[in-house]
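Undergrad: The structure under discussion is supplied below as structure tokens; questions concerning it will follow.
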Protein chains: 2
Amino acid sequence: MAVARGRRPAGSGTREAILAAASQAFAEQGYPRTTLRGIAREAGVDTRLVTHYFGTKQDLFVAVVELPFDPEVVMTGILGPGPEGVGQRLATFAVGMLETPAARRTMTGLLRAAASEEEAAVRVRDLLVERLLTPLAQHIGGDRPDLRAALTGAQMAGLVVGRHIVGLPSLAQATPDELVAAVGPVLQHYLTGDLSPVSA
Amino acid sequence: MAVARGRRPAGSGTREAILAAASQAFAEQGYPRTTLRGIAREAGVDTRLVTHYFGTKQDLFVAVVELPFDPEVVMTGILGPGPEGVGQRLATFAVGMLETPAARRTMTGLLRAAASEEEAAVRVRDLLVERLLTPLAQHIGGDRPDLRAALTGAQMAGLVVGRHIVGLPSLAQATPDELVAAVGPVLQHYLTGDLSPVSA
């Protein structure tokens, strides 16, 4: 690997090498521990080139992070035949997606970043809530789609925190089927149930 | 304040001054941004004294962080007359507690720390799940109290992340009553409902 890590001149795929190194670093080490210097080293370039192309660490994070799925395709699948069972289908998708190591690294990286940096938090909100959950709640057509999407997103974030970040043993060891059984009715409640304080 | 920040000799309340400065720094700045140097400056001591008394930043965090409530008192109140309404009472307690700025800083600080540091994650688990939620689930007496406690904790963590850390607008703007109405039935489900995959 010593040869591959020699300094790379500007030009020849530098941008792509930086993006690849950054993507891997954020996913594996999380936002707080990732440094521009480490990314530059992995990409085989000088740190100043990273700054030249991408600006700050926050800018680079925002440039590099993408959802590990296509929100429109996912939404169509989750909507399926209609509101009934939508919570179960969303839970099945989310739990299954997080079983894939690469997707899990991206989602835990996003949440770790969101917990420590305002700009990363905005990016998470844009990606997960604005592009997937709010359109989903709007399609389902109940009242207060924004609140429903936010409650759904908060529950999913909590599951990632509990199972994959804090690693609560009984959540980390639960099977996907067990999790879907427990969380599906909750997502159904948030997306289609009665949320009004009076009748609760 | 210039006088108060002069260097403090070892001895005279140094430990207490460091603990107070650390407690404030972790709560206000979050774990990743807090430095031993900054804590030492606030406490009016040399950084080496902080290290001498408390070791690493992680050690100091573990020494300093406490729940902003007494878990036993809270559990007794939440258990109240029995399993019925326990989700509603837990949601009312949690949402109300997070309305207090000091408690909110502690809980968001804990979660931010847990998202970035393994040791802090263990501390959060010990404090919130082991001392409050698992005993609560055990007292209620259903099957799988560990899983119920973890699901409950994950939902509550998600709410803090969504409302107070990422700041999803519709969650940040929701009234306590609206949140309790939405989340109460979910906590009830996790604490007393049927979680088995077969019947779901």
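Identifiers in the structure tokens: chain A, B, ... in order shown; residue index from 1 per chain; ligand index from 1 in order shown.
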Counting only C-alpha atoms, give me one row per residue of range 96-129 of chain A with an atom at most 7 Å from an atom of range 101-122 of chain B, showing the shortest contact pair and its distance in Å to one decimal, sorted by chain then residue number, as a Markdown table.
TA:
| residue | atom | partner | partner_atom | distance |
| --- | --- | --- | --- | --- |
| A:Arg112 | CA | B:Ala115 | CA | 5.2 |
| A:Ala115 | CA | B:Arg112 | CA | 5.2 |
| A:Ser116 | CA | B:Arg112 | CA | 6.3 |
Undergrad: Hey, what does DSSP flag as helix (DSSP H, G or I) within range 1-196 of chain B? Can you give it to me as a PyMOL selection string?
TA: chain B and resi 14-29+36-43+47-54+57-64+71-79+86-97+101-116+118-140+145-165+169-173+176-192
Undergrad: Against chain A, which residues of chain B fall within 7 Å? For each one I want the closest pair of atoms and the distance in Å (one decimal), counting only C-alpha atoms, rows by chain and increasing residue number, as a tab-separated table.
TA:
residue	atom	partner	partner_atom	distance
B:Pro32	CA	A:Pro32	CA	6.8
B:Arg112	CA	A:Ala115	CA	5.2
B:Ala114	CA	A:Val166	CA	6.3
B:Ala115	CA	A:Arg112	CA	5.2
B:Ser116	CA	A:Arg112	CA	6.2
B:Ala121	CA	A:Val166	CA	5.0
B:Val122	CA	A:Val166	CA	7.0
B:Arg125	CA	A:Leu168	CA	6.9
B:Asp146	CA	A:Ser170	CA	6.1
B:Leu147	CA	A:Ser170	CA	5.1
B:Ala150	CA	A:Leu171	CA	6.3
B:Ala154	CA	A:Gly158	CA	4.5
B:Gln155	CA	A:Gly158	CA	5.3
B:Ala157	CA	A:Gly158	CA	5.3
B:Gly158	CA	A:Gly158	CA	3.6
B:Leu159	CA	A:Ala154	CA	5.4
B:Val161	CA	A:Ala154	CA	6.8
B:Gly162	CA	A:Ala154	CA	5.0
B:Ile165	CA	A:Ala115	CA	6.3
B:Val166	CA	A:Ala121	CA	5.0
B:Leu168	CA	A:Ala150	CA	6.4
B:Ser170	CA	A:Leu147	CA	5.1
B:Leu171	CA	A:Ala150	CA	6.3
B:Asp177	CA	A:Pro197	CA	6.2
B:Glu178	CA	A:Pro197	CA	5.5
B:Ala181	CA	A:Pro197	CA	4.8
B:Ala182	CA	A:Leu195	CA	5.0
B:Val186	CA	A:Val186	CA	5.9
B:Leu195	CA	A:Ala182	CA	5.0
B:Ser196	CA	A:Ala181	CA	6.4
B:Pro197	CA	A:Ala181	CA	4.8
B:Ala200	CA	A:Ala181	CA	5.5
Undergrad: Tell me, as a ChimeraX atom specification, which residues lie within 8 Å of range 57-59 of chain B, counting only C-alpha atoms; anything in the same chain fewer than 2 positions away does not count.
TA: /B:35-36,54-55,61-63,119-120
Undergrad: Write to file, as a PDB file, in the first residue's frame, the residues of the selection just made, with N, CA and C atoms.
TA:
ATOM      1  N   THR B  35     -12.876  20.820  26.122  1.00  0.00           N
ATOM      2  CA  THR B  35     -11.460  20.481  26.273  1.00  0.00           C
ATOM      3  C   THR B  35     -11.055  20.603  27.736  1.00  0.00           C
ATOM      4  N   LEU B  36     -10.073  19.798  28.121  1.00  0.00           N
ATOM      5  CA  LEU B  36      -9.544  19.881  29.479  1.00  0.00           C
ATOM      6  C   LEU B  36      -8.947  21.267  29.723  1.00  0.00           C
ATOM      7  N   PHE B  54      -8.411  13.940  37.712  1.00  0.00           N
ATOM      8  CA  PHE B  54      -9.482  13.191  37.043  1.00  0.00           C
ATOM      9  C   PHE B  54      -9.040  12.330  35.868  1.00  0.00           C
ATOM     10  N   GLY B  55      -7.792  12.394  35.444  1.00  0.00           N
ATOM     11  CA  GLY B  55      -7.366  11.572  34.314  1.00  0.00           C
ATOM     12  C   GLY B  55      -7.798  12.169  32.986  1.00  0.00           C
ATOM     13  N   PHE B  61     -15.755  13.201  32.335  1.00  0.00           N
ATOM     14  CA  PHE B  61     -17.168  13.175  31.954  1.00  0.00           C
ATOM     15  C   PHE B  61     -17.944  12.181  32.818  1.00  0.00           C
ATOM     16  N   VAL B  62     -17.380  10.995  32.952  1.00  0.00           N
ATOM     17  CA  VAL B  62     -18.044   9.953  33.741  1.00  0.00           C
ATOM     18  C   VAL B  62     -18.180  10.393  35.199  1.00  0.00           C
ATOM     19  N   ALA B  63     -17.169  11.129  35.690  1.00  0.00           N
ATOM     20  CA  ALA B  63     -17.219  11.587  37.075  1.00  0.00           C
ATOM     21  C   ALA B  63     -18.295  12.645  37.284  1.00  0.00           C
ATOM     22  N   GLU B 119     -17.302   5.195  25.752  1.00  0.00           N
ATOM     23  CA  GLU B 119     -17.417   5.185  27.210  1.00  0.00           C
ATOM     24  C   GLU B 119     -18.618   6.011  27.679  1.00  0.00           C
ATOM     25  N   ALA B 120     -18.843   7.121  26.995  1.00  0.00           N
ATOM     26  CA  ALA B 120     -20.000   7.938  27.327  1.00  0.00           C
ATOM     27  C   ALA B 120     -21.284   7.180  27.015  1.00  0.00           C
TER      28      ALA B 120
END
Undergrad: Using only C-alpha atoms, which residue out of B:Leu60, B:Val50, B:Ala20, B:Ile78 lies closest to Arg37 in chain B?
TA: B:Val50
